Amino acid sequence: MSSRTTWTLVLMAAVIYGLYLWDVKTVDKKKASDAESRPLLPGLQPVRVEKIDIVYPEGIIRAQRSGDGWRLIHPIQYPAEDLKIDNFLDYLSKLERGVFLSSSEIAEEEGGIEAFGLGDNAPSITLYQPKYSCELRVGEKTVIGDQLYIQVVGEGGVFFMPAAFLDKLPRSADDWRSRTLVPVERLEFDWIEVNAAPPNGFRVRRSPTNHMWTLVIQPPARANNVKVEALIQGMSKWKVEKFVVVGGNPDLSKYGLADPRTRLVLGAGTNELYALEFGNAAENPDNVYAMMLPRSNVVEVSGELLEKLSVPATEFRNPWLYSGPLETVDRIQVNAREEFVMESSGSERWRMVEPEEFEVDPELANNFLDGLGSLEVAVEKDIVTDYSTYGLEEPAREYVLQSRQPGSDSSTNSPVTIVEFAFGETNKSGRIYLRRRDETSVYSAAVEEVSSLPVASFQLRDKSVWRFNPTNAASLTIAHRDETNTVLRTSEGWDLAGVPVVLSEPVRSEIGEILYRLSRLRVESWIDQGTNGLTLYGFNGTQLSVSVSGTWNGGEQRRELNFGYWTPDQKVLASTVIQGKCLIFEIPAPLCHLVLDLGRNLADIKKNRS
């Protein structure tokens, strides 16, 4: 073809397209009164539509709204994709009346309505809602442009609509079939079972009271709720990759479904509510054939789903000693190095009530509960009758989690035991045996994790050692080896006792800084209690110490802090007496440095003045 001929054809096409646009604009102006942004279907209310019929020459697609969503009822009985149908109805409700050709104008066309593709075999859409129904007939696309002929049955004429309308129509029932594989949200199930070739397969059941999952094995065991719930969440997102066979009596052996290799069942009580069976690999090597019951159909699903189910029961066993709700625990009894009881006083505050009363540090209380809740265990033996072998007949330590029954006077509420833990001997692998008294199993846990749990009440004390007003301090004494120096507060500032000298500003600043740090003293961690082991921690009577005296809480009081050894992480051990007991703890190093520096400065001042 010559270039001249090509350009001639292009020019003719441009002229034709221009005439088309002129004609459309002319019709548009002519019918302006009919196109004032009025809806095409003014009576349509998507939420009230109860049934949809889409008719093609080759058959009908019918969907009906049911209590739990949309269902296809022809040519198959099958759950539908609610979102797709709702979006389709929403799209129809927002269509506006565009260019309109009247019946008389259509009659002028050769072939009449047939010329627009709107004869007897034209596809149609019928919508049914209470006291209203409407039918649309779908014609052909316009010769030029992205338009489509649509007829509202009963109005006689033809509307021009965007050709994108066709993209919204389902071409077959499969377009509206739900691809949800496991309808988790529509099933009220309380057990899940997977039958597979041993050692794979498991069964879990949910408690109706606390909604916790239990592994149905011998003996029953606590299931890993996190993993079971994650499996359920995953199942809700599983999709059909391809619909293969619907209805009839397919040859199941062809798909490996006559004797399925794996079977997933969701049930309630003694009833099976839903089952999914897996067969052979599909033509797509990434997929496998599956069949959903009670619906008789064969589909393709991702082979990864089969892998997720092909696991042994141990995969879902709870790996933690306790995974119940910690917020229900408001009383804890401990029998270890010391017997003690702590109770919640509300707002995540705890108080020691036995053998003495004091405030429990909130951080330490949370660490205690979290330590029990996150204690990862391994099963040593499931059914044990002789616990003495594991040192659990007379355990080294016991923890009892309790809840006080509701009542008007919490002090008289009788506690209810939630769970009891017992810890025994250390095995050859360096793990500690332990058990729950509501189970027959014996577990083991890492020594370092068990060692973090408190065995004496002092380990849970409030980390705030003192709180006092430093401006009420009357004297500060520093003793180091054989040197003791005291500074006294006067109306002019601070004096060094026994030495007639005015202390310099830097020295007075050091005194003020030490007093402030002492008045806000907090421990890093509690180490020990009692005087028997003081020398082990570097407290030999001549070590560094600082004391402060003053008037607080309506009387004269004295606070004394002794310094011991330095720790490998460059902190320092310290001790003091609280409520008549000697406590040893770890504190940051800066306070010790300040006390040492001030002690040296005071010693130098005294030496220079003597």
# chains A, B, ... in the order shown; residues from 1 in each chain; ligands from 1

$ select_by_dssp --residues "segment 104-222 of chain A" --states "helix (DSSP H, G or I)" --output "list in words"
Ser104, Glu105, Ile106, Ala107, Gly112, Ile113, Glu114, Ala115, Phe116, Phe165, Leu166, Asp167, Lys168, Ala173, Asp174, Asp175, Trp176, Val184, Glu185 and Arg186 of chain A

$ write_last_selection --atoms "N, CA, C and O atoms" --output "mmCIF file, in the first residue's frame"
data_model
loop_
_atom_site.group_PDB
_atom_site.id
_atom_site.type_symbol
_atom_site.label_atom_id
_atom_site.label_comp_id
_atom_site.auth_asym_id
_atom_site.auth_seq_id
_atom_site.Cartn_x
_atom_site.Cartn_y
_atom_site.Cartn_z
ATOM 1 N N SER A 104 -38.876 6.549 18.741
ATOM 2 C CA SER A 104 -39.078 7.001 17.357
ATOM 3 C C SER A 104 -37.757 7.117 16.616
ATOM 4 O O SER A 104 -37.671 6.794 15.415
ATOM 5 N N GLU A 105 -36.731 7.576 17.302
ATOM 6 C CA GLU A 105 -35.418 7.693 16.673
ATOM 7 C C GLU A 105 -34.842 6.315 16.366
ATOM 8 O O GLU A 105 -34.168 6.110 15.349
ATOM 9 N N ILE A 106 -35.104 5.364 17.247
ATOM 10 C CA ILE A 106 -34.633 3.989 17.022
ATOM 11 C C ILE A 106 -35.349 3.381 15.826
ATOM 12 O O ILE A 106 -34.749 2.669 15.007
ATOM 13 N N ALA A 107 -36.646 3.687 15.704
ATOM 14 C CA ALA A 107 -37.430 3.120 14.598
ATOM 15 C C ALA A 107 -36.926 3.595 13.246
ATOM 16 O O ALA A 107 -37.126 2.929 12.214
ATOM 17 N N GLY A 112 -34.096 -1.404 13.275
ATOM 18 C CA GLY A 112 -34.724 -1.015 14.531
ATOM 19 C C GLY A 112 -33.860 -1.341 15.738
ATOM 20 O O GLY A 112 -32.637 -1.127 15.733
ATOM 21 N N ILE A 113 -34.484 -1.885 16.748
ATOM 22 C CA ILE A 113 -33.769 -2.162 18.009
ATOM 23 C C ILE A 113 -32.664 -3.186 17.825
ATOM 24 O O ILE A 113 -31.677 -3.201 18.565
ATOM 25 N N GLU A 114 -32.812 -4.075 16.825
ATOM 26 C CA GLU A 114 -31.795 -5.097 16.553
ATOM 27 C C GLU A 114 -30.468 -4.442 16.181
ATOM 28 O O GLU A 114 -29.392 -4.998 16.448
ATOM 29 N N ALA A 115 -30.523 -3.254 15.556
ATOM 30 C CA ALA A 115 -29.293 -2.572 15.136
ATOM 31 C C ALA A 115 -28.432 -2.186 16.318
ATOM 32 O O ALA A 115 -27.238 -1.929 16.169
ATOM 33 N N PHE A 116 -29.032 -2.129 17.507
ATOM 34 C CA PHE A 116 -28.286 -1.753 18.716
ATOM 35 C C PHE A 116 -27.886 -2.978 19.551
ATOM 36 O O PHE A 116 -27.379 -2.846 20.662
ATOM 37 N N PHE A 165 -19.049 -0.696 31.641
ATOM 38 C CA PHE A 165 -20.167 -1.440 32.228
ATOM 39 C C PHE A 165 -19.965 -2.950 32.060
ATOM 40 O O PHE A 165 -20.285 -3.746 32.949
ATOM 41 N N LEU A 166 -19.448 -3.340 30.903
ATOM 42 C CA LEU A 166 -19.265 -4.768 30.615
ATOM 43 C C LEU A 166 -18.284 -5.440 31.579
ATOM 44 O O LEU A 166 -18.397 -6.633 31.866
ATOM 45 N N ASP A 167 -17.313 -4.656 32.071
ATOM 46 C CA ASP A 167 -16.321 -5.216 32.988
ATOM 47 C C ASP A 167 -16.939 -5.587 34.336
ATOM 48 O O ASP A 167 -16.360 -6.377 35.085
ATOM 49 N N LYS A 168 -18.080 -4.995 34.649
ATOM 50 C CA LYS A 168 -18.726 -5.270 35.939
ATOM 51 C C LYS A 168 -19.591 -6.525 35.899
ATOM 52 O O LYS A 168 -19.942 -7.074 36.929
ATOM 53 N N ALA A 173 -20.824 -18.152 36.344
ATOM 54 C CA ALA A 173 -21.062 -18.248 37.789
ATOM 55 C C ALA A 173 -19.755 -18.209 38.565
ATOM 56 O O ALA A 173 -19.708 -17.720 39.699
ATOM 57 N N ASP A 174 -18.677 -18.669 37.952
ATOM 58 C CA ASP A 174 -17.383 -18.683 38.649
ATOM 59 C C ASP A 174 -16.918 -17.278 39.021
ATOM 60 O O ASP A 174 -16.185 -17.097 39.992
ATOM 61 N N ASP A 175 -17.354 -16.290 38.227
ATOM 62 C CA ASP A 175 -16.924 -14.920 38.523
ATOM 63 C C ASP A 175 -17.463 -14.429 39.855
ATOM 64 O O ASP A 175 -16.886 -13.544 40.487
ATOM 65 N N TRP A 176 -18.604 -14.948 40.259
ATOM 66 C CA TRP A 176 -19.206 -14.529 41.531
ATOM 67 C C TRP A 176 -19.091 -15.598 42.622
ATOM 68 O O TRP A 176 -19.530 -15.389 43.744
ATOM 69 N N VAL A 184 -14.396 -19.596 57.941
ATOM 70 C CA VAL A 184 -14.196 -19.533 59.389
ATOM 71 C C VAL A 184 -15.203 -18.607 60.062
ATOM 72 O O VAL A 184 -15.771 -18.927 61.109
ATOM 73 N N GLU A 185 -15.440 -17.431 59.445
ATOM 74 C CA GLU A 185 -16.291 -16.435 60.088
ATOM 75 C C GLU A 185 -17.753 -16.849 60.127
ATOM 76 O O GLU A 185 -18.529 -16.299 60.914
ATOM 77 N N ARG A 186 -18.146 -17.803 59.299
ATOM 78 C CA ARG A 186 -19.547 -18.224 59.261
ATOM 79 C C ARG A 186 -19.803 -19.484 60.071
ATOM 80 O O ARG A 186 -20.938 -19.954 60.144
#

$ residues_around --residues "Val419 of chain A" --least-positions-apart "4" --cutoff "8 Å" --atoms "only C-alpha atoms" --output "PyMOL selection string"
chain A and resi 400-402+436-438

$ closest_residue --among "A:Leu92, A:Ala456, A:Leu309, A:Val216" --to "Ile232 of chain A" --atoms "only C-alpha atoms"
A:Leu309

$ select_by_dssp --residues "segment 280-505 of chain A" --states "strand (DSSP E or B)" --output "PyMOL selection string"
chain A and resi 280-281+287-293+297-302+312+317+320+331-335+339-346+349-354+358-360+376+378-381+397-404+415-426+431-436+442-446+461+464+473-480+483-489+494-496+502

$ atom_distance --atom1 "atom CA of Glu339 of chain A" --atom2 "atom CA of Glu398 of chain A"
9.4 Å

$ closest_residue --among "A:Val153, A:Val595, A:Ala589, A:Ala378" --to "Ala479 of chain A" --atoms "only C-alpha atoms"
A:Val595

$ residues_around --residues "segment 420-431 of chain A" --least-positions-apart "4" --cutoff "9 Å" --atoms "only C-alpha atoms" --output "list in words"
Leu321, Ser388, Thr389, Tyr390, Gly391, Leu392, Glu393, Glu394, Pro395, Ala396, Arg397, Glu398, Tyr399, Val400, Leu401, Gln402, Arg435, Arg436, Arg437, Asp438, Ser444, Ala445, Ala446, Val447, Glu448 and Val450 of chain A

$ closest_atom_pairs --of "segment 148-211 of chain A" --to "segment 233-247 of chain A" --cutoff "7 Å" --atoms "only C-alpha atoms" --output "Markdown table"
| residue | atom | partner | partner_atom | distance |
| --- | --- | --- | --- | --- |
| A:Arg179 | CA | A:Val240 | CA | 4.8 |
| A:Thr180 | CA | A:Lys239 | CA | 4.9 |
| A:Leu181 | CA | A:Lys239 | CA | 5.0 |
| A:Val182 | CA | A:Ser236 | CA | 6.0 |
| A:Pro183 | CA | A:Ser236 | CA | 6.4 |
| A:Val184 | CA | A:Ser236 | CA | 5.4 |

$ residues_around --residues "segment 221-226 of chain A" --least-positions-apart "4" --cutoff "8 Å" --atoms "only C-alpha atoms" --output "ChimeraX atom specification"
/A:204,212-217,230,316-319

$ residues_around --residues "Leu496 of chain A" --least-positions-apart "4" --cutoff "9 Å" --atoms "only C-alpha atoms" --output "PyMOL selection string"
chain A and resi 485-488+500-503+602+605-606

$ residues_around --residues "Phe159 of chain A" --least-positions-apart "5" --cutoff "10 Å" --atoms "only C-alpha atoms" --output "list of chain:residue names"
A:Leu40, A:Glu96, A:Arg97, A:Gly98, A:Val99, A:Phe100, A:Leu101, A:Ser102, A:Gly139, A:Gln147, A:Leu148, A:Tyr149, A:Ile150, A:Gln151, A:Val152

$ closest_residue --among "A:Leu231, A:Leu476, A:Val377, A:Ile584" --to "Ile192 of chain A" --atoms "only C-alpha atoms"
A:Leu231

$ closest_residue --among "A:Arg263, A:Arg351, A:Arg508, A:Arg206" --to "Arg331 of chain A" --atoms "only C-alpha atoms"
A:Arg351

$ residues_around --residues "Trp350 of chain A" --least-positions-apart "4" --cutoff "8 Å" --atoms "only C-alpha atoms" --output "count of residues only"
10

$ atom_distance --atom1 "atom CA of Gly533 of chain A" --atom2 "atom CA of Leu460 of chain A"
19.7 Å

$ closest_residue --among "A:Lys141, A:Asp190, A:Val49, A:Leu44" --to "Thr209 of chain A" --atoms "only C-alpha atoms"
A:Asp190

$ closest_atom_pairs --of "segment 503-594 of chain A" --to "segment 352-358 of chain A" --cutoff "12 Å" --atoms "only C-alpha atoms" --output "CSV"
residue,atom,partner,partner_atom,distance
A:Ile578,CA,A:Phe358,CA,10.5
A:Gln579,CA,A:Glu356,CA,9.4
A:Gly580,CA,A:Glu356,CA,11.3
A:Lys581,CA,A:Glu356,CA,11.1
